[in-house]
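So the structure is just underneath, and the comments pick up after that.
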Amino acid sequence: MYFITFEGIDQSGKSTQLKLLDQAMEAAGVPVLSVREPGGTEIGEKIRELLLGVEHDRMDAWTEALLYAAARVQLVKEVIKPALMEGKIVLSDRFIDSSLVYQGMARDLGVDRILDLNLGATGGLMPDLTFVFHLDLTLSRERLAGRGTAEDRIEGEPLAFHQKVEEGYRRLQEMYPGRIVGIDGGGSVDEIHQQVVAGCRERLGLEL
Ligand code: ADP
């Protein structure tokens with residue numbers, strides 16, 4: 001039915017909020033399916049290893065863009081589209097906007113080219129609603145350091161790269177004001193959850 005995505009820099013609270021929205025939908029009796037990118041299919045999980053493995057430090061930016069798109073195609077065709085056709089609401093931790101920002105803007109490949117690539121590959125699927133969580137970069141790095149697990153290839157990029165990503169999300173929000181709801185990720189988990197629920201009510205008319 002509706003396709004809702006969660007975007008923002010690492011540690012901005014995407015997966016925390018996705019889980020809470022999934023639970024709220026379950027409690028309200030709304031059929032829901034949650035996924036995360038890259039991955040979620042057999043082929044996609046293999047591509048995820050290629051993309052995030054720190055040993056792949058010679059990966060060209062276009063290779064990266066094409067691999068993200070390839071994993072996305074599998075997820076759309078095998079999981080997301082069938083679930084939407086069954087009348088479910090699909091929640092995704094990252095989707096096309098991550099490619100527009102990380103590869104199109106931060107890696108300078110061009111937003112229009114990355115948009116065309118992804119729309120062509122997925123049959124034109126765009127989210128109905130997107131929440132972008134904005135978080136201070138210092139806080140993001142602190143949360144990452146406190147997590148206790150090693151950084152992946154993208155997390156390990158220098159601060160200037162993550163700065164471009166955060167700025168990119170702000171630009172994207174200006175490009176798609178009807179679809180993207182920006183949220184301050186510095187608030188409490190519960191406050192942010194209430195804003196996400198309000199966004200679903202106001203933008204999609206969902207009764208939660
Ligand atoms: P992401 O999926 O964007 O990488 P997570 O949802 O995994 O982010 O959150 C990253 C870390 O920050 C986790 O340890 C999580 O518990 C914590 N966290 C998430 N949201 C908040 C919040 N609003 N306030 C404080 N800590 C948070």
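Chain labels run A, B, ... following the order of the structure tokens; each chain numbers its residues from 1, and ligands are numbered from 1 in the order shown.
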
DSSP on the backbone, then: every residue of region 7-116 of chain A marked alpha helix (DSSP H), written as an mmCIF file with N, CA and C atoms, in the first residue's frame.
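part05.cif written:
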```
data_model
loop_
_atom_site.group_PDB
_atom_site.id
_atom_site.type_symbol
_atom_site.label_atom_id
_atom_site.label_comp_id
_atom_site.auth_asym_id
_atom_site.auth_seq_id
_atom_site.Cartn_x
_atom_site.Cartn_y
_atom_site.Cartn_z
ATOM 1 N N LYS A 14 17.673 6.021 12.652
ATOM 2 C CA LYS A 14 16.780 5.421 11.650
ATOM 3 C C LYS A 14 16.194 4.092 12.110
ATOM 4 N N SER A 15 17.062 3.157 12.472
ATOM 5 C CA SER A 15 16.554 1.812 12.765
ATOM 6 C C SER A 15 15.746 1.790 14.064
ATOM 7 N N THR A 16 16.126 2.639 15.033
ATOM 8 C CA THR A 16 15.357 2.736 16.284
ATOM 9 C C THR A 16 13.932 3.177 15.972
ATOM 10 N N GLN A 17 13.810 4.196 15.147
ATOM 11 C CA GLN A 17 12.480 4.739 14.838
ATOM 12 C C GLN A 17 11.679 3.824 13.914
ATOM 13 N N LEU A 18 12.363 3.147 13.016
ATOM 14 C CA LEU A 18 11.663 2.208 12.133
ATOM 15 C C LEU A 18 11.019 1.096 12.960
ATOM 16 N N LYS A 19 11.793 0.590 13.927
ATOM 17 C CA LYS A 19 11.286 -0.496 14.773
ATOM 18 C C LYS A 19 10.060 -0.040 15.571
ATOM 19 N N LEU A 20 10.137 1.183 16.113
ATOM 20 C CA LEU A 20 9.010 1.698 16.906
ATOM 21 C C LEU A 20 7.769 1.900 16.033
ATOM 22 N N LEU A 21 7.958 2.371 14.802
ATOM 23 C CA LEU A 21 6.811 2.564 13.910
ATOM 24 C C LEU A 21 6.230 1.213 13.513
ATOM 25 N N ASP A 22 7.101 0.244 13.260
ATOM 26 C CA ASP A 22 6.646 -1.110 12.931
ATOM 27 C C ASP A 22 5.769 -1.634 14.074
ATOM 28 N N GLN A 23 6.247 -1.452 15.306
ATOM 29 C CA GLN A 23 5.482 -1.931 16.471
ATOM 30 C C GLN A 23 4.148 -1.212 16.597
ATOM 31 N N ALA A 24 4.147 0.109 16.348
ATOM 32 C CA ALA A 24 2.906 0.887 16.447
ATOM 33 C C ALA A 24 1.908 0.422 15.390
ATOM 34 N N MET A 25 2.406 0.091 14.228
ATOM 35 C CA MET A 25 1.516 -0.375 13.161
ATOM 36 C C MET A 25 0.950 -1.750 13.495
ATOM 37 N N GLU A 26 1.806 -2.628 13.983
ATOM 38 C CA GLU A 26 1.345 -3.965 14.413
ATOM 39 C C GLU A 26 0.242 -3.812 15.450
ATOM 40 N N ALA A 27 0.479 -2.924 16.424
ATOM 41 C CA ALA A 27 -0.491 -2.735 17.518
ATOM 42 C C ALA A 27 -1.814 -2.183 16.993
ATOM 43 N N GLU A 42 18.938 -12.964 -0.968
ATOM 44 C CA GLU A 42 20.177 -13.756 -0.999
ATOM 45 C C GLU A 42 21.274 -13.006 -1.768
ATOM 46 N N ILE A 43 20.897 -12.490 -2.954
ATOM 47 C CA ILE A 43 21.888 -11.774 -3.770
ATOM 48 C C ILE A 43 22.273 -10.460 -3.072
ATOM 49 N N GLY A 44 21.272 -9.784 -2.517
ATOM 50 C CA GLY A 44 21.504 -8.502 -1.854
ATOM 51 C C GLY A 44 22.460 -8.607 -0.671
ATOM 52 N N GLU A 45 22.368 -9.701 0.093
ATOM 53 C CA GLU A 45 23.267 -9.863 1.251
ATOM 54 C C GLU A 45 24.711 -10.058 0.793
ATOM 55 N N LYS A 46 24.871 -10.738 -0.369
ATOM 56 C CA LYS A 46 26.242 -10.912 -0.901
ATOM 57 C C LYS A 46 26.779 -9.559 -1.365
ATOM 58 N N ILE A 47 25.909 -8.779 -1.999
ATOM 59 C CA ILE A 47 26.335 -7.444 -2.449
ATOM 60 C C ILE A 47 26.664 -6.575 -1.228
ATOM 61 N N ARG A 48 25.900 -6.737 -0.148
ATOM 62 C CA ARG A 48 26.162 -5.971 1.078
ATOM 63 C C ARG A 48 27.590 -6.203 1.586
ATOM 64 N N GLU A 49 27.995 -7.489 1.551
ATOM 65 C CA GLU A 49 29.361 -7.804 1.999
ATOM 66 C C GLU A 49 30.399 -7.097 1.134
ATOM 67 N N LEU A 50 30.135 -7.077 -0.187
ATOM 68 C CA LEU A 50 31.066 -6.392 -1.096
ATOM 69 C C LEU A 50 31.123 -4.901 -0.774
ATOM 70 N N LEU A 51 29.941 -4.315 -0.550
ATOM 71 C CA LEU A 51 29.857 -2.868 -0.356
ATOM 72 C C LEU A 51 30.472 -2.407 0.954
ATOM 73 N N LEU A 52 30.239 -3.171 2.017
ATOM 74 C CA LEU A 52 30.611 -2.667 3.337
ATOM 75 C C LEU A 52 31.946 -3.203 3.866
ATOM 76 N N ALA A 61 33.766 4.732 -7.272
ATOM 77 C CA ALA A 61 32.466 5.298 -6.883
ATOM 78 C C ALA A 61 31.331 4.769 -7.761
ATOM 79 N N TRP A 62 31.604 4.548 -9.049
ATOM 80 C CA TRP A 62 30.549 4.017 -9.925
ATOM 81 C C TRP A 62 30.240 2.557 -9.610
ATOM 82 N N THR A 63 31.278 1.798 -9.273
ATOM 83 C CA THR A 63 31.049 0.405 -8.870
ATOM 84 C C THR A 63 30.122 0.400 -7.659
ATOM 85 N N GLU A 64 30.429 1.297 -6.708
ATOM 86 C CA GLU A 64 29.614 1.409 -5.490
ATOM 87 C C GLU A 64 28.161 1.746 -5.852
ATOM 88 N N ALA A 65 27.990 2.733 -6.736
ATOM 89 C CA ALA A 65 26.636 3.158 -7.108
ATOM 90 C C ALA A 65 25.865 2.020 -7.781
ATOM 91 N N LEU A 66 26.564 1.293 -8.642
ATOM 92 C CA LEU A 66 25.896 0.210 -9.378
ATOM 93 C C LEU A 66 25.564 -0.953 -8.452
ATOM 94 N N LEU A 67 26.446 -1.230 -7.496
ATOM 95 C CA LEU A 67 26.175 -2.329 -6.557
ATOM 96 C C LEU A 67 24.991 -2.000 -5.652
ATOM 97 N N TYR A 68 24.914 -0.750 -5.172
ATOM 98 C CA TYR A 68 23.754 -0.369 -4.357
ATOM 99 C C TYR A 68 22.464 -0.513 -5.169
ATOM 100 N N ALA A 69 22.531 -0.063 -6.445
ATOM 101 C CA ALA A 69 21.338 -0.161 -7.297
ATOM 102 C C ALA A 69 20.967 -1.625 -7.537
ATOM 103 N N ALA A 70 21.986 -2.468 -7.727
ATOM 104 C CA ALA A 70 21.729 -3.890 -7.986
ATOM 105 C C ALA A 70 21.059 -4.556 -6.784
ATOM 106 N N ALA A 71 21.565 -4.278 -5.602
ATOM 107 C CA ALA A 71 20.960 -4.857 -4.389
ATOM 108 C C ALA A 71 19.526 -4.364 -4.251
ATOM 109 N N ARG A 72 19.305 -3.089 -4.600
ATOM 110 C CA ARG A 72 17.970 -2.473 -4.492
ATOM 111 C C ARG A 72 16.974 -3.147 -5.440
ATOM 112 N N VAL A 73 17.422 -3.420 -6.662
ATOM 113 C CA VAL A 73 16.528 -4.077 -7.633
ATOM 114 C C VAL A 73 16.017 -5.398 -7.065
ATOM 115 N N GLN A 74 16.936 -6.195 -6.515
ATOM 116 C CA GLN A 74 16.531 -7.501 -5.980
ATOM 117 C C GLN A 74 15.518 -7.338 -4.844
ATOM 118 N N LEU A 75 15.780 -6.357 -3.975
ATOM 119 C CA LEU A 75 14.886 -6.140 -2.833
ATOM 120 C C LEU A 75 13.506 -5.665 -3.304
ATOM 121 N N LYS A 81 7.894 -4.896 -3.731
ATOM 122 C CA LYS A 81 6.718 -4.822 -4.610
ATOM 123 C C LYS A 81 5.674 -5.886 -4.266
ATOM 124 N N PRO A 82 6.078 -7.154 -4.062
ATOM 125 C CA PRO A 82 5.065 -8.154 -3.684
ATOM 126 C C PRO A 82 4.315 -7.767 -2.400
ATOM 127 N N ALA A 83 5.030 -7.213 -1.417
ATOM 128 C CA ALA A 83 4.372 -6.830 -0.153
ATOM 129 C C ALA A 83 3.393 -5.672 -0.382
ATOM 130 N N LEU A 84 3.790 -4.701 -1.202
ATOM 131 C CA LEU A 84 2.892 -3.567 -1.494
ATOM 132 C C LEU A 84 1.646 -4.076 -2.229
ATOM 133 N N MET A 85 1.844 -5.026 -3.145
ATOM 134 C CA MET A 85 0.718 -5.595 -3.896
ATOM 135 C C MET A 85 -0.255 -6.344 -2.983
ATOM 136 N N ILE A 96 16.388 4.834 -2.040
ATOM 137 C CA ILE A 96 16.991 5.588 -3.154
ATOM 138 C C ILE A 96 17.673 6.891 -2.698
ATOM 139 N N ASP A 97 17.114 7.556 -1.672
ATOM 140 C CA ASP A 97 17.704 8.836 -1.235
ATOM 141 C C ASP A 97 19.141 8.656 -0.740
ATOM 142 N N SER A 98 19.435 7.496 -0.142
ATOM 143 C CA SER A 98 20.823 7.253 0.289
ATOM 144 C C SER A 98 21.750 7.304 -0.916
ATOM 145 N N SER A 99 21.321 6.718 -2.038
ATOM 146 C CA SER A 99 22.166 6.753 -3.243
ATOM 147 C C SER A 99 22.288 8.163 -3.800
ATOM 148 N N VAL A 111 23.328 13.871 -9.016
ATOM 149 C CA VAL A 111 22.039 13.391 -8.508
ATOM 150 C C VAL A 111 21.161 12.875 -9.649
ATOM 151 N N ASP A 112 21.118 13.617 -10.768
ATOM 152 C CA ASP A 112 20.226 13.208 -11.861
ATOM 153 C C ASP A 112 20.620 11.857 -12.436
ATOM 154 N N ARG A 113 21.924 11.645 -12.581
ATOM 155 C CA ARG A 113 22.368 10.357 -13.142
ATOM 156 C C ARG A 113 22.044 9.194 -12.193
ATOM 157 N N ILE A 114 22.235 9.418 -10.904
ATOM 158 C CA ILE A 114 21.957 8.345 -9.944
ATOM 159 C C ILE A 114 20.442 8.108 -9.841
ATOM 160 N N LEU A 115 19.686 9.185 -9.961
ATOM 161 C CA LEU A 115 18.220 9.048 -9.940
ATOM 162 C C LEU A 115 17.763 8.227 -11.148
ATOM 163 N N ASP A 116 18.269 8.575 -12.340
ATOM 164 C CA ASP A 116 17.885 7.844 -13.562
ATOM 165 C C ASP A 116 18.247 6.371 -13.457
#
```

I'd like a table as a Markdown table: residues in region 86-140 of chain A with an atom no more than 8 Å from region 157-175 of chain A, each row giving the shortest atom pair and its distance in Å to one decimal, only C-alpha atoms counted, sorted by chain and rising residue number.
```
| residue | atom | partner | partner_atom | distance |
| --- | --- | --- | --- | --- |
| A:Asp97 | CA | A:Leu172 | CA | 7.9 |
| A:Val101 | CA | A:Gly168 | CA | 5.3 |
| A:Tyr102 | CA | A:Val165 | CA | 5.9 |
| A:Met105 | CA | A:Gly168 | CA | 6.3 |
| A:Ala106 | CA | A:Lys164 | CA | 5.3 |
| A:Val132 | CA | A:Tyr169 | CA | 7.3 |
| A:His134 | CA | A:Glu166 | CA | 7.2 |
| A:Leu137 | CA | A:Gln163 | CA | 7.1 |
```

Just to be explicit: take each residue in the selection above, keep N, CA, C and O atoms, and write the result as a PDB file, in the first residue's frame.
```pdb
ATOM      1  N   ASP A  97      17.114   7.556  -1.672  1.00  0.00           N
ATOM      2  CA  ASP A  97      17.704   8.836  -1.235  1.00  0.00           C
ATOM      3  C   ASP A  97      19.141   8.656  -0.740  1.00  0.00           C
ATOM      4  O   ASP A  97      19.958   9.564  -0.884  1.00  0.00           O
ATOM      5  N   VAL A 101      22.207  10.908  -2.176  1.00  0.00           N
ATOM      6  CA  VAL A 101      23.067  11.712  -1.303  1.00  0.00           C
ATOM      7  C   VAL A 101      24.512  11.183  -1.265  1.00  0.00           C
ATOM      8  O   VAL A 101      25.465  11.938  -1.490  1.00  0.00           O
ATOM      9  N   TYR A 102      24.675   9.884  -0.976  1.00  0.00           N
ATOM     10  CA  TYR A 102      26.040   9.347  -0.810  1.00  0.00           C
ATOM     11  C   TYR A 102      26.801   9.304  -2.140  1.00  0.00           C
ATOM     12  O   TYR A 102      27.947   9.745  -2.226  1.00  0.00           O
ATOM     13  N   MET A 105      25.701  13.025  -4.522  1.00  0.00           N
ATOM     14  CA  MET A 105      26.241  14.282  -3.981  1.00  0.00           C
ATOM     15  C   MET A 105      27.630  14.099  -3.353  1.00  0.00           C
ATOM     16  O   MET A 105      28.597  14.711  -3.793  1.00  0.00           O
ATOM     17  N   ALA A 106      27.734  13.260  -2.317  1.00  0.00           N
ATOM     18  CA  ALA A 106      29.012  13.181  -1.593  1.00  0.00           C
ATOM     19  C   ALA A 106      30.137  12.620  -2.467  1.00  0.00           C
ATOM     20  O   ALA A 106      31.285  13.025  -2.344  1.00  0.00           O
ATOM     21  N   VAL A 132      13.688  12.023   7.211  1.00  0.00           N
ATOM     22  CA  VAL A 132      15.140  12.238   7.242  1.00  0.00           C
ATOM     23  C   VAL A 132      15.506  12.727   8.643  1.00  0.00           C
ATOM     24  O   VAL A 132      14.993  13.753   9.103  1.00  0.00           O
ATOM     25  N   HIS A 134      18.079  14.332  11.100  1.00  0.00           N
ATOM     26  CA  HIS A 134      19.277  15.174  11.093  1.00  0.00           C
ATOM     27  C   HIS A 134      19.944  15.085  12.455  1.00  0.00           C
ATOM     28  O   HIS A 134      19.285  15.240  13.483  1.00  0.00           O
ATOM     29  N   LEU A 137      27.053  15.958  13.565  1.00  0.00           N
ATOM     30  CA  LEU A 137      28.077  14.971  13.196  1.00  0.00           C
ATOM     31  C   LEU A 137      28.891  14.482  14.387  1.00  0.00           C
ATOM     32  O   LEU A 137      29.244  13.304  14.468  1.00  0.00           O
TER      33      LEU A 137
END
```

Task: Polymer residues at most 10 Å from Thr5 (chain A), only C-alpha atoms, same-chain spacing of 4 or more positions, as a list in words - done: Lys14, Leu18, Ser34, Val35, Arg36, Val90, Leu91, Ser92, Asp93, Arg94, Phe95, Ile96, Asp97, Met126, Pro127, Asp128, Leu129, Thr130, Phe131, Val132 and Ile180 of chain A

Task: Contacts of ligand 1, 7 Å or closer, only C-alpha atoms and all ligand atoms, given as JSON, numbers by chain - done: {"A": [8, 9, 10, 11, 12, 13, 14, 15, 16, 17, 143, 147, 185, 186, 187, 188, 189, 192]}

- [ ] Tell me, as a PyMOL selection string, which residues lie within 12 Å of Arg203 (chain A), counting only C-alpha atoms; anything in the same chain fewer than 4 positions away does not count.
- [x] chain A and resi 2+4+128-131+177-181+195-199+207

Open item on the list: Quick check, in Å to one decimal: how far apart do CA of Gly40 (chain A) and CA of Glu142 (chain A) lie?
Closed with: 28.0 Å

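Between CA of Val32 (chain A) and CA of Cys200 (chain A) the interatomic distance comes to 13.3 Å.
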
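Shortest atom-to-atom contact with Leu125 (chain A) among A:Leu33, A:Phe3, A:Ile154, A:Leu139: A:Phe3, counting only C-alpha atoms.
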
Task: CA of Leu109 (chain A) to CA of Pro38 (chain A), distance in Å rounded to a single decimal - done: 19.2 Å

TODO: Taking the chain letters and numbering used in this document, name the residues of region 123-181 of chain A that DSSP puts in strand (DSSP E), as a list in words.
DONE: Leu129, Thr130, Phe131, Val132, Phe133, His134, Ile180 and Val181 of chain A

Can I get the selection written as an mmCIF file, in the first residue's frame, with C-alpha atoms?
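That gives us result_20.cif:
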```cif
data_model
loop_
_atom_site.group_PDB
_atom_site.id
_atom_site.type_symbol
_atom_site.label_atom_id
_atom_site.label_comp_id
_atom_site.auth_asym_id
_atom_site.auth_seq_id
_atom_site.Cartn_x
_atom_site.Cartn_y
_atom_site.Cartn_z
ATOM 1 C CA LEU A 129 6.861 9.284 2.536
ATOM 2 C CA THR A 130 10.436 9.684 3.782
ATOM 3 C CA PHE A 131 11.683 10.670 7.226
ATOM 4 C CA VAL A 132 15.140 12.238 7.242
ATOM 5 C CA PHE A 133 16.812 12.347 10.661
ATOM 6 C CA HIS A 134 19.277 15.174 11.093
ATOM 7 C CA ILE A 180 10.360 14.298 2.826
ATOM 8 C CA VAL A 181 9.752 15.149 6.469
#
```

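Of the listed residues (A:Asp190, A:Glu7, A:Asp57, A:Glu151), A:Glu7 comes nearest to Leu100 (chain A); the distances count only C-alpha atoms.
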